[in-house]
Structures are given as structure tokens and as C-alpha cells.
Amino acid sequence: MKICFLGAGNIAQAIISGLLKAEVLPADIVCIERNSEKIVLLESQHISVQSLGSLADNMFDLIILAVKPKDAIAAAQDLMNFAPHTPVLTLVAGIEIAQYPNPDLIIRAMPNTAAAYNKGITALYANNKALHAFQHSIELFEKVGHVMIMDREDDIHIFTSIVGSGQAFLFKILNTYLTKLKKLSKGNDEQAIEMFKDFVGSLGDLFNQEGDFEMLINKIKSPGGTTQAGLESLEKNNIDLVIEEAFKAAEQRSIAINNES
Ligand SMILES: NC(=O)c1ccc[n+]([C@@H]2O[C@H](COP(=O)([O-])OP(=O)(O)OC[C@H]3O[C@@H](n4cnc5c(N)ncnc54)[C@H](OP(=O)(O)O)[C@@H]3O)[C@@H](O)[C@H]2O)c1
């Protein structure tokens with residue numbers, strides 16, 4: 001499968017790293033990029049950088065649009081001028097298929113940066129799931145992690161809030177732990193960071209083994225103990241509601257971005 005990214009920033013780089021780890025050949029990946037620092041990085045990965053004007057139909061199985069939402073519609077229009085029949089897989093958050101110049105050739109994906117470690121979770125949606133390119137999109141994202149196919153395009157807003165933005169919410173919470181540990185280590189930040197890497201890594205190991213957070217909590221908690229006291233405090237402060245509200249805010253912002261474009 002030959003693919004071309006228009007925009008090789010954070011998310012394209014994460015996917016490219018995952019693809020290279022999955023032994024996709026650099027020769028099967030091409031990027032169109034205007035930022036010189038990113039071009040240097042691509043060259044170090046042996047990925048060729050082409051100009052938009054060199055694009056034509058039948059050069060690629062998929063063209064992947066990975067620019068910021070403000071640049072997306074203009075870039076999609078440019079793509080369609082040069083390769084009018086090639087399906088475009090857009091990674092752009094918030095902009096619905098109906099807003100693009102040729103909706104029948106658009107596939108939407110919402111990946112996350114864990115794709116870099118082949119542990120991504122990607123939502124996929126197309127109005128026309130019979131497109132060959134839809135199958136290609138599934139194959140592509142399965143190389144860098146898991147794929148969840150959406151029945152309704154609107155569900156991507158919810159998925160974005162949980163898996164896309166939601167990753168950052170967990171980072172924010174974990175940062176409170178790290179800050180406290182750094183304080184306790186009295187200036188030995190490096191040691192605190194090294195410890196914290198294992199702390200965070202072990203959360204994944206424990207969940208891999210158990211697959212159930214209630215069970216994991218019950219293994220730590222004892223009646224009247226320290227964990228129970230802390231958990232009761234979290235519940236009293238409505239932790240579930242706080243997180244639900246963050247999901248809702250991200251979902252609403254995703255809907256608003258669509259309406260602004
Ligand atoms: N980052 C994530 O975790 C993530 C996750 C899911 C979805 N997304 C979506 O993916 C898209 C890209 O996000 P990102 O974080 O990767 O952005 P980014 O780091 O800013 O990367 C976009 C790159 O595309 C370049 N570019 C923009 N227009 C171009 C054009 N016409 N021709 C050539 N290059 C062009 C930009 O160059 P300049 O710097 O010069 O503008 C930039 O280097 C966004 O729409 C976002 O909603 C991101």
C-alpha cells in the first residue's frame with residue numbers, strides 16, 4: 001500500500017513511527033510538508049518529501065490529510081485539484097465529511113499518538129464504507145494499534161473526547177502525582193521521574209493482567225484503611241462527574257470546531 005501524508009506534524013509522525021516499527025517500507029510513504037524542521041526529520045527517516053503539484057491520481061492508495069483544522073478545507077481542495085479521484089483519509093478533528101469538497105471520497109479517522117508505539121486506538125468512519133480505501137484505512141491503522149469503526153459520524157465527537165483528548169486528561173491527573181513525588185524527593189527530580197516511569201508503566205501491566213479497575217482497587221483497598229479514606233474523598237468531590245464534564249467539554253468543542261469551519 002502506498003500512502004501520502006499532507007502535513008507531517010505530531011500525529012503523522014506518530015503514525016509514521018508506528019508504521020516503520022511494523023516494517024512498512026519508508027519507500028511506501030511520501031509526505032507533503034512545508035515546515036523545514038519536519039522535512040529534516042522526514043529525510044532522516046528516509047521518507048521522501050514531494051510537492052503538492054507533483055500529485056496525481058493513481059499514485060497513492062490513500063492520501064492522508066494531517067493538517068490543523070484551520071488549514072484543512074483549503075488543503076483538501078488543493079488535493080482534489082491534483083488528484084480528484086483519490087480518496088482522502090482525514091485525521092482532522094471536528095470537521096465533518098459534509099464540509100469537504102468531495103464527501104463521497106472522504107474517510108474520517110481519529111487516531112491518537114499511541115500509534116507511535118503500535119498501541120494506538122483509531123476511530124474510522126465513511127459515508128461510503130464500500131470504498132477500497134476504507135479497507136486500506138483499516139489495514140493501515142491495524143498496523144499501529146486498534147481500530148473502532150463508527151456507525152455514526154457524530155460518535156467521533158465522543159470518541160475524540162475519550163481517546164484523543166482524554167489521554168491528555170490522564171496526563172494532567174498524573175502530573176499532580178509527579179509534582180508531589182518531586183517535592184518529596186527534595187530536588188532530586190531525575191530520580192522522581194525515573195520512579196514515576198515505572199509507576200505509570202506498572203499501571204498498564206496491572207490492567208493487562210486484570211482487565212478490571214474495580215478488582216484492582218479492591219486489591220489495594222482495605223476497610224478503614226488509607227486507600228479507602230482517599231477514595232471516599234474522591235467520591236465526595238464527585239471525581240466521576242469532574243471527568244464526565246471534561247469529556248462533555250471536549251465533545252462540545254469538537255462539535256463547535258465543525259460549526260466554525
Ligand atoms: N496531535 C494529535 O494527537 C492528533 C490526534 C488526532 C487528530 N489530530 C488532528 O491531526 C491534525 C494535525 O495535527 P498535528 O498535531 O499533527 O498538527 P501539526 O503538528 O501542526 O502538523 C501539521 C503540519 O502540516 C503542515 N501543513 C499545514 N498545511 C500544509 C500545506 N498546505 N502543505 C504542506 N504542509 C502543511 C504544518 O506546517 P506549519 O507548521 O508550517 O503550519 C505542520 O507541519 C489536526 O487537524 C488534528 O485535529 C491530531
# chains A, B, ... in the order shown; residues from 1 in each chain; ligands from 1
call {"tool": "closest_atom_pairs", "arguments": {"of": "chain A", "to": "ligand 1", "cutoff": "6 Å", "atoms": "only C-alpha atoms and all ligand atoms", "output": "Markdown table"}}
result
| residue | atom | partner | partner_atom_place_in_ligand_line | distance |
| --- | --- | --- | --- | --- |
| A:Leu6 | CA | ligand 1 | 33 (C) | 5.8 |
| A:Gly7 | CA | ligand 1 | 24 (O) | 3.2 |
| A:Ala8 | CA | ligand 1 | 23 (C) | 5.0 |
| A:Gly9 | CA | ligand 1 | 21 (O) | 3.1 |
| A:Asn10 | CA | ligand 1 | 16 (O) | 3.6 |
| A:Ile11 | CA | ligand 1 | 16 (O) | 4.0 |
| A:Ala12 | CA | ligand 1 | 16 (O) | 5.6 |
| A:Ile32 | CA | ligand 1 | 33 (C) | 5.3 |
| A:Glu33 | CA | ligand 1 | 34 (N) | 3.7 |
| A:Arg34 | CA | ligand 1 | 34 (N) | 4.3 |
| A:Asn35 | CA | ligand 1 | 40 (O) | 4.6 |
| A:Ala66 | CA | ligand 1 | 11 (C) | 4.3 |
| A:Val67 | CA | ligand 1 | 22 (C) | 4.1 |
| A:Lys68 | CA | ligand 1 | 45 (O) | 3.6 |
| A:Pro69 | CA | ligand 1 | 45 (O) | 4.4 |
| A:Asp71 | CA | ligand 1 | 28 (N) | 5.5 |
| A:Ala75 | CA | ligand 1 | 31 (N) | 5.1 |
| A:Leu91 | CA | ligand 1 | 10 (O) | 4.9 |
| A:Val92 | CA | ligand 1 | 45 (O) | 3.3 |
| A:Ala93 | CA | ligand 1 | 47 (O) | 3.7 |
| A:Met110 | CA | ligand 1 | 6 (C) | 5.2 |
| A:Pro111 | CA | ligand 1 | 6 (C) | 4.8 |
| A:Asn112 | CA | ligand 1 | 5 (C) | 4.7 |
| A:Thr113 | CA | ligand 1 | 3 (O) | 5.1 |
| A:Gly164 | CA | ligand 1 | 5 (C) | 5.8 |
call {"tool": "write_last_selection", "arguments": {"atoms": "C-alpha atoms", "output": "mmCIF file, in the first residue's frame"}}
result
data_model
loop_
_atom_site.group_PDB
_atom_site.id
_atom_site.type_symbol
_atom_site.label_atom_id
_atom_site.label_comp_id
_atom_site.auth_asym_id
_atom_site.auth_seq_id
_atom_site.Cartn_x
_atom_site.Cartn_y
_atom_site.Cartn_z
ATOM 1 C CA LEU A 6 -0.276 16.038 3.570
ATOM 2 C CA GLY A 7 1.135 17.523 6.769
ATOM 3 C CA ALA A 8 3.770 15.595 8.713
ATOM 4 C CA GLY A 9 3.399 17.070 12.202
ATOM 5 C CA ASN A 10 2.738 15.390 15.551
ATOM 6 C CA ILE A 11 0.071 12.877 14.590
ATOM 7 C CA ALA A 12 1.509 11.999 11.159
ATOM 8 C CA ILE A 32 3.957 16.811 1.526
ATOM 9 C CA GLU A 33 5.239 19.211 4.187
ATOM 10 C CA ARG A 34 6.176 22.890 4.298
ATOM 11 C CA ASN A 35 7.898 23.108 7.676
ATOM 12 C CA ALA A 66 -2.989 15.689 8.669
ATOM 13 C CA VAL A 67 -3.011 19.483 8.908
ATOM 14 C CA LYS A 68 -4.559 21.695 11.598
ATOM 15 C CA PRO A 69 -8.323 22.275 11.292
ATOM 16 C CA ASP A 71 -5.790 24.628 7.073
ATOM 17 C CA ALA A 75 -5.626 21.706 1.743
ATOM 18 C CA LEU A 91 -7.334 12.944 10.570
ATOM 19 C CA VAL A 92 -8.553 16.486 11.220
ATOM 20 C CA ALA A 93 -10.553 16.814 14.436
ATOM 21 C CA MET A 110 -9.494 9.872 14.739
ATOM 22 C CA PRO A 111 -6.173 8.355 15.823
ATOM 23 C CA ASN A 112 -4.069 9.020 18.911
ATOM 24 C CA THR A 113 -0.327 9.414 19.369
ATOM 25 C CA GLY A 164 -7.943 11.689 21.814
#
call {"tool": "residues_around", "arguments": {"residues": "A:Leu206", "least_positions_apart": "4", "cutoff": "12 Å", "atoms": "only C-alpha atoms", "output": "ChimeraX atom specification"}}
result
/A:198-202,210-213,215-217,219-220
call {"tool": "select_by_dssp", "arguments": {"residues": "stretch 35-255 of chain A", "states": "strand (DSSP E)", "output": "PyMOL selection string"}}
result
chain A and resi 48-49+62-65+88-90+106-110+120-126+145-149
call {"tool": "residues_around", "arguments": {"residues": "stretch 96-99 of chain A", "least_positions_apart": "6", "cutoff": "12 Å", "atoms": "only C-alpha atoms", "output": "PyMOL selection string"}}
result
chain A and resi 69+72-74+76-77+88-90+105-110+124-128+152-157+254-261
call {"tool": "write_last_selection", "arguments": {"atoms": "C-alpha atoms", "output": "PDB file, in the first residue's frame"}}
result
ATOM      1  CA  PRO A  69      -8.323  22.275  11.292  1.00  0.00           C
ATOM      2  CA  ALA A  72      -7.935  21.563   6.342  1.00  0.00           C
ATOM      3  CA  ILE A  73     -10.535  22.655   3.803  1.00  0.00           C
ATOM      4  CA  ALA A  74      -8.058  24.641   1.679  1.00  0.00           C
ATOM      5  CA  ALA A  76      -8.388  19.226   0.822  1.00  0.00           C
ATOM      6  CA  GLN A  77      -9.369  21.470  -2.092  1.00  0.00           C
ATOM      7  CA  VAL A  88      -8.688  11.302   1.201  1.00  0.00           C
ATOM      8  CA  LEU A  89      -8.383   9.965   4.732  1.00  0.00           C
ATOM      9  CA  THR A  90      -8.704  12.963   7.028  1.00  0.00           C
ATOM     10  CA  LEU A 105     -14.250  10.250  -1.345  1.00  0.00           C
ATOM     11  CA  ILE A 106     -13.633  11.234   2.280  1.00  0.00           C
ATOM     12  CA  ILE A 107     -12.845   8.834   5.117  1.00  0.00           C
ATOM     13  CA  ARG A 108     -12.520  10.160   8.643  1.00  0.00           C
ATOM     14  CA  ALA A 109     -10.117   8.792  11.190  1.00  0.00           C
ATOM     15  CA  MET A 110      -9.494   9.872  14.739  1.00  0.00           C
ATOM     16  CA  LEU A 124     -12.888   5.233  11.448  1.00  0.00           C
ATOM     17  CA  TYR A 125     -15.963   6.413   9.611  1.00  0.00           C
ATOM     18  CA  ALA A 126     -17.000   6.939   5.981  1.00  0.00           C
ATOM     19  CA  ASN A 127     -20.354   7.619   4.376  1.00  0.00           C
ATOM     20  CA  ASN A 128     -19.325   5.025   1.815  1.00  0.00           C
ATOM     21  CA  ARG A 152     -22.484   7.291  13.081  1.00  0.00           C
ATOM     22  CA  GLU A 153     -20.125  10.120  12.277  1.00  0.00           C
ATOM     23  CA  ASP A 154     -21.341  12.009  15.353  1.00  0.00           C
ATOM     24  CA  ASP A 155     -19.852   9.297  17.588  1.00  0.00           C
ATOM     25  CA  ILE A 156     -16.393  10.557  16.573  1.00  0.00           C
ATOM     26  CA  HIS A 157     -17.008  13.620  18.773  1.00  0.00           C
ATOM     27  CA  SER A 254     -15.330  19.125  18.735  1.00  0.00           C
ATOM     28  CA  ILE A 255     -18.898  19.944  17.583  1.00  0.00           C
ATOM     29  CA  ALA A 256     -18.142  23.682  17.709  1.00  0.00           C
ATOM     30  CA  ILE A 257     -14.954  23.293  15.592  1.00  0.00           C
ATOM     31  CA  ASN A 258     -17.088  21.648  12.926  1.00  0.00           C
ATOM     32  CA  ASN A 259     -19.551  24.534  13.007  1.00  0.00           C
ATOM     33  CA  GLU A 260     -16.753  27.149  12.820  1.00  0.00           C
ATOM     34  CA  SER A 261     -15.132  25.668   9.709  1.00  0.00           C
TER      35      SER A 261
END
call {"tool": "closest_residue", "arguments": {"among": "A:Ile95, A:Leu140, A:Met80, A:Leu41", "to": "A:Gly18", "atoms": "only C-alpha atoms"}}
result
A:Leu140
call {"tool": "residues_around", "arguments": {"residues": "A:Ala56", "least_positions_apart": "6", "cutoff": "12 Å", "atoms": "only C-alpha atoms", "output": "list in words"}}
result
Cys4, Gln50, Leu62, Ile63, Asp78, Leu79, Met80, Asn81, Phe82, Ala83, Pro84, His85, Thr86 and Pro87 of chain A
call {"tool": "select_by_dssp", "arguments": {"residues": "stretch 76-226 of chain A", "states": "alpha helix (DSSP H)", "output": "ChimeraX atom specification"}}
result
/A:76-82,132-142,155-159,165-184,189-210,213-220,226
call {"tool": "closest_residue", "arguments": {"among": "A:Ser185, A:Ser48, A:Thr226, A:Ser161", "to": "A:Ile29", "atoms": "only C-alpha atoms"}}
result
A:Ser48
call {"tool": "closest_residue", "arguments": {"among": "A:Lys197, A:Lys119, A:His46, A:Lys221", "to": "A:Leu178", "atoms": "only C-alpha atoms"}}
result
A:Lys197
call {"tool": "residues_around", "arguments": {"residues": "A:Ser165", "least_positions_apart": "4", "cutoff": "9 Å", "atoms": "only C-alpha atoms", "output": "JSON, numbers by chain"}}
result
{"A": [112, 159, 160, 161, 169, 247, 250]}
call {"tool": "closest_residue", "arguments": {"among": "A:Ala192, A:Ile162, A:Ala246, A:Leu19", "to": "A:Asn175", "atoms": "only C-alpha atoms"}}
result
A:Ala192
call {"tool": "decode", "arguments": {"residues": "stretch 150-173 of chain A", "atoms": "N, CA and C atoms", "output": "tab-separated table (two decimals), in the first residue's frame"}}
result
chain	number	residue	atom	x	y	z
A	150	MET	N	-16.98	3.35	13.40
A	150	MET	CA	-18.14	4.07	13.93
A	150	MET	C	-19.35	3.89	12.99
A	151	ASP	N	-20.53	3.66	13.60
A	151	ASP	CA	-21.76	3.58	12.79
A	151	ASP	C	-22.23	4.96	12.40
A	152	ARG	N	-22.01	5.92	13.32
A	152	ARG	CA	-22.48	7.29	13.08
A	152	ARG	C	-21.29	8.23	13.17
A	153	GLU	N	-21.25	9.18	12.25
A	153	GLU	CA	-20.12	10.12	12.28
A	153	GLU	C	-20.09	10.92	13.59
A	154	ASP	N	-21.27	11.22	14.11
A	154	ASP	CA	-21.34	12.01	15.35
A	154	ASP	C	-20.61	11.34	16.52
A	155	ASP	N	-20.52	10.00	16.49
A	155	ASP	CA	-19.85	9.30	17.59
A	155	ASP	C	-18.36	9.64	17.65
A	156	ILE	N	-17.81	10.18	16.55
A	156	ILE	CA	-16.39	10.56	16.57
A	156	ILE	C	-16.17	11.68	17.58
A	157	HIS	N	-17.16	12.55	17.77
A	157	HIS	CA	-17.01	13.62	18.77
A	157	HIS	C	-16.79	13.01	20.17
A	158	ILE	N	-17.57	11.96	20.46
A	158	ILE	CA	-17.46	11.33	21.79
A	158	ILE	C	-16.13	10.58	21.89
A	159	PHE	N	-15.79	9.86	20.81
A	159	PHE	CA	-14.53	9.11	20.79
A	159	PHE	C	-13.34	10.06	21.00
A	160	THR	N	-13.39	11.22	20.33
A	160	THR	CA	-12.31	12.20	20.46
A	160	THR	C	-12.13	12.63	21.91
A	161	SER	N	-13.28	12.82	22.58
A	161	SER	CA	-13.20	13.32	23.96
A	161	SER	C	-12.59	12.27	24.89
A	162	ILE	N	-12.82	10.98	24.58
A	162	ILE	CA	-12.32	9.93	25.49
A	162	ILE	C	-10.88	9.53	25.14
A	163	VAL	N	-10.67	9.19	23.87
A	163	VAL	CA	-9.38	8.58	23.49
A	163	VAL	C	-8.37	9.63	23.03
A	164	GLY	N	-8.85	10.65	22.31
A	164	GLY	CA	-7.94	11.69	21.81
A	164	GLY	C	-7.58	12.64	22.94
A	165	SER	N	-8.53	13.51	23.28
A	165	SER	CA	-8.28	14.48	24.35
A	165	SER	C	-8.12	13.78	25.70
A	166	GLY	N	-8.85	12.69	25.88
A	166	GLY	CA	-8.86	12.01	27.19
A	166	GLY	C	-7.50	11.55	27.65
A	167	GLN	N	-6.62	11.24	26.69
A	167	GLN	CA	-5.25	10.86	27.06
A	167	GLN	C	-4.59	12.02	27.82
A	168	ALA	N	-4.84	13.23	27.34
A	168	ALA	CA	-4.26	14.42	27.99
A	168	ALA	C	-4.86	14.64	29.38
A	169	PHE	N	-6.14	14.25	29.57
A	169	PHE	CA	-6.74	14.43	30.90
A	169	PHE	C	-6.01	13.53	31.91
A	170	LEU	N	-5.69	12.30	31.47
A	170	LEU	CA	-4.96	11.40	32.37
A	170	LEU	C	-3.56	11.96	32.66
A	171	PHE	N	-2.91	12.53	31.62
A	171	PHE	CA	-1.59	13.14	31.84
A	171	PHE	C	-1.68	14.24	32.89
A	172	LYS	N	-2.73	15.02	32.78
A	172	LYS	CA	-2.93	16.14	33.72
A	172	LYS	C	-3.04	15.60	35.15
A	173	ILE	N	-3.82	14.53	35.31
A	173	ILE	CA	-4.00	13.94	36.65
A	173	ILE	C	-2.67	13.36	37.14
